[in-house]
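Participant: Handing you this structure, nothing more for now.
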Amino acid sequence: MKELKIAKLILNISVGESGDRLTRAAKVLEQLSGQTPVFSRARYTVRTFGIRRNEKIAVHVTIRGEKAEEMLERGLKVKEYELKKANFADNGNFGFGIQEHIDLGLKYDPSTGIYGMDFFVVMKRAGGGRVAVRRKRCSRVGKPHRLTKEGSQKWFIDKYEGILL
């Protein structure tokens, strides 16, 4: 009941502009995950970056289950199983980025180019914190069952024999 599990893994490629580069990034995520990616829009206009409000600027995909663990393994292999302590959030989730998607095992295609991407892992325990989100008799997750930064770091070290910098 107390062991940690991966609830979901989010892969994000933030291009910063709409158009051809964004559609190529979506193609990369589709090849990587086998799922249709979702486009993210800009919240507000930033003239210095040349983006307008509601313009599509990024693409992401959410992976769950066995596929998420396999994809996380590939991402950590690129990082050589080394993460910074600052990569872990107080609620037990963690994330990291990679510079080139071809390190994950995809072949380089000159027409597509090379994209960096962010991995973000959302952790959970058995039960998944349903008591906090259900409609009837909603309550808080108890302190012993809550996820912590230290718990996730210990899970990362034990499961992947990772190194914290």
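Chain labels follow the order of the structure tokens: the first chain is A, the next B, and so on; residue numbering restarts at 1 in every chain, and ligands are counted from 1 in their shown order.
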List the spatial neighbours of region 3-13 of chain A as a PyMOL selection string - criterion: any atom at most 6 Å away, only C-alpha atoms, same-chain residues fewer than 3 positions off excluded.
Facilitator: chain A and resi 58-64+68+117-125
Participant: Would you save the residues from that selection as a PDB file, in the first residue's frame, using N, CA and C atoms?
Facilitator:
```
ATOM      1  N   ALA A  58       3.496  24.670 -28.339  1.00  0.00           N
ATOM      2  CA  ALA A  58       4.122  23.466 -27.794  1.00  0.00           C
ATOM      3  C   ALA A  58       3.233  22.260 -28.068  1.00  0.00           C
ATOM      4  N   VAL A  59       3.809  21.088 -27.863  1.00  0.00           N
ATOM      5  CA  VAL A  59       3.070  19.841 -28.070  1.00  0.00           C
ATOM      6  C   VAL A  59       3.466  18.873 -26.957  1.00  0.00           C
ATOM      7  N   HIS A  60       2.485  18.161 -26.414  1.00  0.00           N
ATOM      8  CA  HIS A  60       2.792  17.214 -25.347  1.00  0.00           C
ATOM      9  C   HIS A  60       1.933  15.961 -25.465  1.00  0.00           C
ATOM     10  N   VAL A  61       2.385  14.916 -24.776  1.00  0.00           N
ATOM     11  CA  VAL A  61       1.665  13.644 -24.765  1.00  0.00           C
ATOM     12  C   VAL A  61       1.784  13.048 -23.367  1.00  0.00           C
ATOM     13  N   THR A  62       0.705  12.423 -22.893  1.00  0.00           N
ATOM     14  CA  THR A  62       0.685  11.791 -21.576  1.00  0.00           C
ATOM     15  C   THR A  62       0.692  10.281 -21.753  1.00  0.00           C
ATOM     16  N   ILE A  63       1.623   9.629 -21.084  1.00  0.00           N
ATOM     17  CA  ILE A  63       1.781   8.180 -21.194  1.00  0.00           C
ATOM     18  C   ILE A  63       1.571   7.575 -19.802  1.00  0.00           C
ATOM     19  N   ARG A  64       0.820   6.479 -19.752  1.00  0.00           N
ATOM     20  CA  ARG A  64       0.551   5.809 -18.476  1.00  0.00           C
ATOM     21  C   ARG A  64       0.932   4.342 -18.550  1.00  0.00           C
ATOM     22  N   ALA A  68       4.845   3.963 -19.864  1.00  0.00           N
ATOM     23  CA  ALA A  68       5.462   5.100 -19.181  1.00  0.00           C
ATOM     24  C   ALA A  68       6.762   4.690 -18.502  1.00  0.00           C
ATOM     25  N   MET A 117      13.426  17.726 -25.377  1.00  0.00           N
ATOM     26  CA  MET A 117      12.116  17.531 -24.756  1.00  0.00           C
ATOM     27  C   MET A 117      12.218  17.420 -23.245  1.00  0.00           C
ATOM     28  N   ASP A 118      11.081  17.682 -22.595  1.00  0.00           N
ATOM     29  CA  ASP A 118      10.982  17.600 -21.144  1.00  0.00           C
ATOM     30  C   ASP A 118      10.242  16.327 -20.762  1.00  0.00           C
ATOM     31  N   PHE A 119      10.745  15.656 -19.745  1.00  0.00           N
ATOM     32  CA  PHE A 119      10.066  14.509 -19.149  1.00  0.00           C
ATOM     33  C   PHE A 119       9.543  14.983 -17.794  1.00  0.00           C
ATOM     34  N   PHE A 120       8.276  14.728 -17.491  1.00  0.00           N
ATOM     35  CA  PHE A 120       7.757  15.035 -16.168  1.00  0.00           C
ATOM     36  C   PHE A 120       7.002  13.824 -15.651  1.00  0.00           C
ATOM     37  N   VAL A 121       7.392  13.352 -14.473  1.00  0.00           N
ATOM     38  CA  VAL A 121       6.831  12.136 -13.896  1.00  0.00           C
ATOM     39  C   VAL A 121       5.969  12.499 -12.700  1.00  0.00           C
ATOM     40  N   VAL A 122       4.703  12.061 -12.724  1.00  0.00           N
ATOM     41  CA  VAL A 122       3.780  12.253 -11.617  1.00  0.00           C
ATOM     42  C   VAL A 122       3.696  10.933 -10.867  1.00  0.00           C
ATOM     43  N   MET A 123       4.012  10.973  -9.577  1.00  0.00           N
ATOM     44  CA  MET A 123       4.040   9.763  -8.749  1.00  0.00           C
ATOM     45  C   MET A 123       2.726   9.608  -7.984  1.00  0.00           C
ATOM     46  N   LYS A 124       2.453   8.354  -7.534  1.00  0.00           N
ATOM     47  CA  LYS A 124       1.272   8.095  -6.704  1.00  0.00           C
ATOM     48  C   LYS A 124       1.533   6.866  -5.847  1.00  0.00           C
ATOM     49  N   ARG A 125       0.685   6.698  -4.873  1.00  0.00           N
ATOM     50  CA  ARG A 125       0.665   5.476  -4.083  1.00  0.00           C
ATOM     51  C   ARG A 125      -0.586   4.701  -4.459  1.00  0.00           C
TER      52      ARG A 125
END
```
Participant: Neighbours of Lys154 (chain A) within 12 Å (only C-alpha atoms; same-chain residues fewer than 4 positions away dropped), as a list of chain:residue names?
Facilitator: A:Glu3, A:Leu4, A:Lys85, A:Phe88, A:Gly92, A:Leu147, A:Thr148, A:Lys149, A:Glu150, A:Asp158, A:Lys159, A:Tyr160, A:Glu161, A:Gly162, A:Ile163, A:Leu164
Participant: Would you pick out the contacts of region 99-103 of chain A at 8 Å or less, using only C-alpha atoms, so that residues sharing its chain but fewer than 3 positions from it are not included, and give the list as a list in words?
Facilitator: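 So, after excluding close chain neighbours, the residues are Val78, Leu106, Lys107, Tyr108, Ile114, Tyr115, Gly116 and Met117 of chain A.
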Participant: Would you mind exporting N, CA and C atoms of the selected residues as a PDB file, in the first residue's frame?
Facilitator:
```pdb
ATOM      1  N   VAL A  78      19.571   8.202 -21.114  1.00  0.00           N
ATOM      2  CA  VAL A  78      20.221   9.340 -21.774  1.00  0.00           C
ATOM      3  C   VAL A  78      20.910  10.227 -20.730  1.00  0.00           C
ATOM      4  N   LEU A 106      15.421   6.961 -31.714  1.00  0.00           N
ATOM      5  CA  LEU A 106      14.841   7.265 -33.024  1.00  0.00           C
ATOM      6  C   LEU A 106      15.951   7.570 -34.016  1.00  0.00           C
ATOM      7  N   LYS A 107      15.739   7.202 -35.263  1.00  0.00           N
ATOM      8  CA  LYS A 107      16.716   7.510 -36.315  1.00  0.00           C
ATOM      9  C   LYS A 107      16.644   8.994 -36.662  1.00  0.00           C
ATOM     10  N   TYR A 108      17.785   9.578 -36.984  1.00  0.00           N
ATOM     11  CA  TYR A 108      17.816  10.982 -37.390  1.00  0.00           C
ATOM     12  C   TYR A 108      17.245  11.123 -38.795  1.00  0.00           C
ATOM     13  N   ILE A 114      16.208  18.050 -35.124  1.00  0.00           N
ATOM     14  CA  ILE A 114      16.453  17.533 -33.775  1.00  0.00           C
ATOM     15  C   ILE A 114      15.706  18.403 -32.778  1.00  0.00           C
ATOM     16  N   TYR A 115      15.011  17.763 -31.847  1.00  0.00           N
ATOM     17  CA  TYR A 115      14.237  18.474 -30.830  1.00  0.00           C
ATOM     18  C   TYR A 115      14.644  17.988 -29.445  1.00  0.00           C
ATOM     19  N   GLY A 116      14.711  18.922 -28.515  1.00  0.00           N
ATOM     20  CA  GLY A 116      14.878  18.580 -27.109  1.00  0.00           C
ATOM     21  C   GLY A 116      13.496  18.400 -26.507  1.00  0.00           C
ATOM     22  N   MET A 117      13.426  17.726 -25.377  1.00  0.00           N
ATOM     23  CA  MET A 117      12.116  17.531 -24.756  1.00  0.00           C
ATOM     24  C   MET A 117      12.218  17.420 -23.245  1.00  0.00           C
TER      25      MET A 117
END
```
Participant: Taking 5 positions as the minimum chain separation for residues in the same chain, which residues sit within 12 Å of Arg41 (chain A) when counting only C-alpha atoms? Answer as a ChimeraX atom specification.
Facilitator: /A:14-18,22,51-60
Participant: Since we have the selection now, will you write its residues out, keeping all heavy atoms, as a short mmCIF file (atom, residue, chain, number, x, y, z; two decimals), in the first residue's frame?
Facilitator:
```cif
data_model
loop_
_atom_site.label_atom_id
_atom_site.label_comp_id
_atom_site.auth_asym_id
_atom_site.auth_seq_id
_atom_site.Cartn_x
_atom_site.Cartn_y
_atom_site.Cartn_z
N SER A 14 8.50 22.07 -26.36
CA SER A 14 8.07 23.45 -26.48
C SER A 14 8.89 24.10 -27.59
O SER A 14 10.08 24.35 -27.45
CB SER A 14 8.28 24.19 -25.16
OG SER A 14 7.74 25.47 -25.25
N VAL A 15 8.22 24.38 -28.72
CA VAL A 15 8.89 24.92 -29.89
C VAL A 15 8.97 26.45 -29.81
O VAL A 15 9.95 27.06 -30.21
CB VAL A 15 8.17 24.48 -31.18
CG1 VAL A 15 8.84 25.06 -32.41
CG2 VAL A 15 8.15 22.96 -31.27
N GLY A 16 7.92 27.08 -29.29
CA GLY A 16 7.90 28.53 -29.15
C GLY A 16 7.33 29.24 -30.35
O GLY A 16 7.32 30.47 -30.40
N GLU A 17 6.84 28.50 -31.32
CA GLU A 17 6.21 29.10 -32.51
C GLU A 17 5.29 28.07 -33.15
O GLU A 17 5.49 26.86 -32.99
CB GLU A 17 7.27 29.56 -33.51
CG GLU A 17 8.14 28.44 -34.03
CD GLU A 17 9.28 28.91 -34.90
OE1 GLU A 17 10.11 29.68 -34.40
OE2 GLU A 17 9.34 28.50 -36.07
N SER A 18 4.29 28.55 -33.85
CA SER A 18 3.42 27.62 -34.56
C SER A 18 3.97 27.40 -35.96
O SER A 18 4.93 28.04 -36.38
CB SER A 18 2.00 28.19 -34.62
OG SER A 18 2.01 29.43 -35.28
N LEU A 22 6.45 23.03 -35.41
CA LEU A 22 5.56 22.44 -34.41
C LEU A 22 4.95 21.13 -34.90
O LEU A 22 4.86 20.16 -34.15
CB LEU A 22 4.46 23.44 -34.02
CG LEU A 22 3.58 23.06 -32.84
CD1 LEU A 22 4.42 22.98 -31.57
CD2 LEU A 22 2.48 24.06 -32.64
N ILE A 51 5.39 35.76 -29.91
CA ILE A 51 4.24 34.86 -29.82
C ILE A 51 3.00 35.65 -29.43
O ILE A 51 3.07 36.62 -28.70
CB ILE A 51 4.46 33.70 -28.81
CG1 ILE A 51 4.78 34.23 -27.41
CG2 ILE A 51 5.55 32.78 -29.30
CD1 ILE A 51 4.79 33.16 -26.35
N ARG A 52 1.86 35.17 -29.95
CA ARG A 52 0.59 35.82 -29.66
C ARG A 52 -0.26 34.91 -28.77
O ARG A 52 -0.06 33.69 -28.74
CB ARG A 52 -0.17 36.11 -30.96
CG ARG A 52 0.51 37.19 -31.80
CD ARG A 52 -0.28 37.50 -33.05
NE ARG A 52 -0.48 36.35 -33.92
CZ ARG A 52 0.44 35.87 -34.75
NH1 ARG A 52 1.64 36.44 -34.82
NH2 ARG A 52 0.18 34.83 -35.52
N ARG A 53 -1.23 35.50 -28.09
CA ARG A 53 -2.13 34.76 -27.22
C ARG A 53 -2.91 33.72 -28.05
O ARG A 53 -3.32 34.00 -29.16
CB ARG A 53 -3.10 35.73 -26.55
CG ARG A 53 -3.96 35.11 -25.50
CD ARG A 53 -4.69 36.18 -24.73
NE ARG A 53 -5.45 35.59 -23.66
CZ ARG A 53 -6.75 35.33 -23.73
NH1 ARG A 53 -7.43 35.64 -24.81
NH2 ARG A 53 -7.37 34.78 -22.71
N ASN A 54 -3.08 32.54 -27.49
CA ASN A 54 -3.79 31.42 -28.10
C ASN A 54 -3.10 30.84 -29.33
O ASN A 54 -3.70 30.05 -30.05
CB ASN A 54 -5.24 31.77 -28.44
CG ASN A 54 -6.10 31.79 -27.21
OD1 ASN A 54 -5.81 31.12 -26.23
ND2 ASN A 54 -7.16 32.58 -27.24
N GLU A 55 -1.87 31.21 -29.57
CA GLU A 55 -1.11 30.62 -30.67
C GLU A 55 -0.53 29.29 -30.19
O GLU A 55 -0.05 29.17 -29.06
CB GLU A 55 0.04 31.56 -31.06
CG GLU A 55 0.87 31.07 -32.21
CD GLU A 55 2.02 32.02 -32.55
OE1 GLU A 55 2.27 32.96 -31.78
OE2 GLU A 55 2.66 31.78 -33.58
N LYS A 56 -0.58 28.26 -31.01
CA LYS A 56 -0.02 26.96 -30.65
C LYS A 56 1.50 27.07 -30.61
O LYS A 56 2.12 27.44 -31.61
CB LYS A 56 -0.44 25.90 -31.66
CG LYS A 56 -1.92 25.59 -31.63
CD LYS A 56 -2.26 24.56 -32.68
CE LYS A 56 -3.75 24.27 -32.66
NZ LYS A 56 -4.15 23.36 -33.74
N ILE A 57 2.10 26.76 -29.44
CA ILE A 57 3.55 26.92 -29.30
C ILE A 57 4.25 25.66 -28.80
O ILE A 57 5.47 25.59 -28.81
CB ILE A 57 3.91 28.09 -28.37
CG1 ILE A 57 3.28 27.90 -27.00
CG2 ILE A 57 3.55 29.42 -28.99
CD1 ILE A 57 3.82 28.85 -25.95
N ALA A 58 3.50 24.67 -28.34
CA ALA A 58 4.12 23.47 -27.79
C ALA A 58 3.23 22.26 -28.07
O ALA A 58 2.07 22.40 -28.43
CB ALA A 58 4.35 23.61 -26.29
N VAL A 59 3.81 21.09 -27.86
CA VAL A 59 3.07 19.84 -28.07
C VAL A 59 3.47 18.87 -26.96
O VAL A 59 4.62 18.83 -26.55
CB VAL A 59 3.34 19.28 -29.49
CG1 VAL A 59 4.80 18.93 -29.67
CG2 VAL A 59 2.46 18.12 -29.82
N HIS A 60 2.49 18.16 -26.41
CA HIS A 60 2.79 17.21 -25.35
C HIS A 60 1.93 15.96 -25.46
O HIS A 60 0.91 15.96 -26.14
CB HIS A 60 2.61 17.86 -23.96
CG HIS A 60 1.20 18.18 -23.62
ND1 HIS A 60 0.61 19.37 -23.97
CD2 HIS A 60 0.25 17.46 -22.96
CE1 HIS A 60 -0.65 19.37 -23.54
NE2 HIS A 60 -0.89 18.23 -22.92
#
```
Participant: Looking only at strand (DSSP E) from DSSP on the backbone, list the matching residues of chain A as a VMD selection string.
Facilitator: chain A and resid 4 to 14 38 to 41 56 to 63 82 to 83 94 to 98 117 to 125 163 to 164
Participant: For the atom pair CA of Ala42 (chain A) and CA of Val28 (chain A), what is the interatomic distance in Å to one decimal place?
Facilitator: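 Distance reported for this atom pair: 20.8 Å.
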Participant: Assign secondary structure with DSSP using the backbone only, and return the residues of region 90-155 of chain A in alpha helix (DSSP H) as a ChimeraX atom specification.
Facilitator: /A:130-133,149-155
Participant: Restricting the output to N, CA and C atoms, write the selected residues as a PDB file, in the first residue's frame.
Facilitator:
```pdb
ATOM      1  N   ARG A 130      -7.556   9.112  -4.135  1.00  0.00           N
ATOM      2  CA  ARG A 130      -8.954   9.268  -4.534  1.00  0.00           C
ATOM      3  C   ARG A 130      -9.785   9.966  -3.468  1.00  0.00           C
ATOM      4  N   VAL A 131      -9.416   9.805  -2.195  1.00  0.00           N
ATOM      5  CA  VAL A 131     -10.184  10.440  -1.121  1.00  0.00           C
ATOM      6  C   VAL A 131     -10.217  11.960  -1.266  1.00  0.00           C
ATOM      7  N   ALA A 132      -9.197  12.513  -1.919  1.00  0.00           N
ATOM      8  CA  ALA A 132      -9.120  13.967  -2.073  1.00  0.00           C
ATOM      9  C   ALA A 132      -9.908  14.475  -3.278  1.00  0.00           C
ATOM     10  N   VAL A 133     -10.231  13.605  -4.241  1.00  0.00           N
ATOM     11  CA  VAL A 133     -10.881  14.078  -5.465  1.00  0.00           C
ATOM     12  C   VAL A 133     -12.295  13.546  -5.661  1.00  0.00           C
ATOM     13  N   LYS A 149       9.168  14.673  -1.188  1.00  0.00           N
ATOM     14  CA  LYS A 149      10.364  14.786  -2.021  1.00  0.00           C
ATOM     15  C   LYS A 149      11.356  13.673  -1.678  1.00  0.00           C
ATOM     16  N   GLU A 150      11.574  13.459  -0.386  1.00  0.00           N
ATOM     17  CA  GLU A 150      12.541  12.456   0.060  1.00  0.00           C
ATOM     18  C   GLU A 150      12.109  11.047  -0.344  1.00  0.00           C
ATOM     19  N   GLY A 151      10.809  10.769  -0.270  1.00  0.00           N
ATOM     20  CA  GLY A 151      10.293   9.456  -0.655  1.00  0.00           C
ATOM     21  C   GLY A 151      10.521   9.161  -2.135  1.00  0.00           C
ATOM     22  N   SER A 152      10.280  10.165  -2.972  1.00  0.00           N
ATOM     23  CA  SER A 152      10.498   9.989  -4.408  1.00  0.00           C
ATOM     24  C   SER A 152      11.979   9.836  -4.733  1.00  0.00           C
ATOM     25  N   GLN A 153      12.821  10.581  -4.033  1.00  0.00           N
ATOM     26  CA  GLN A 153      14.258  10.456  -4.268  1.00  0.00           C
ATOM     27  C   GLN A 153      14.751   9.064  -3.882  1.00  0.00           C
ATOM     28  N   LYS A 154      14.236   8.540  -2.769  1.00  0.00           N
ATOM     29  CA  LYS A 154      14.610   7.191  -2.327  1.00  0.00           C
ATOM     30  C   LYS A 154      14.127   6.152  -3.341  1.00  0.00           C
ATOM     31  N   TRP A 155      12.897   6.325  -3.859  1.00  0.00           N
ATOM     32  CA  TRP A 155      12.351   5.416  -4.870  1.00  0.00           C
ATOM     33  C   TRP A 155      13.218   5.421  -6.129  1.00  0.00           C
TER      34      TRP A 155
END
```
Participant: Rank nothing, just name the residue among A:Gly50, A:Gly129, A:Gly75, A:Pro110 nearest to Gly95 (chain A), using only C-alpha atoms.
Facilitator: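 Going through A:Gly50, A:Gly129, A:Gly75, A:Pro110 one by one, the smallest distance to Gly95 (chain A) is for A:Gly75.
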Participant: Just to confirm, what's the straight-line distance from CA of Phe94 (chain A) to CA of Gln31 (chain A) in Å (one decimal)?
Facilitator: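 Distance between the two atoms: 23.9 Å.
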Participant: What is the CA of Gly97 (chain A) to CA of Arg74 (chain A) distance in Å?
Facilitator: 12.3 Å
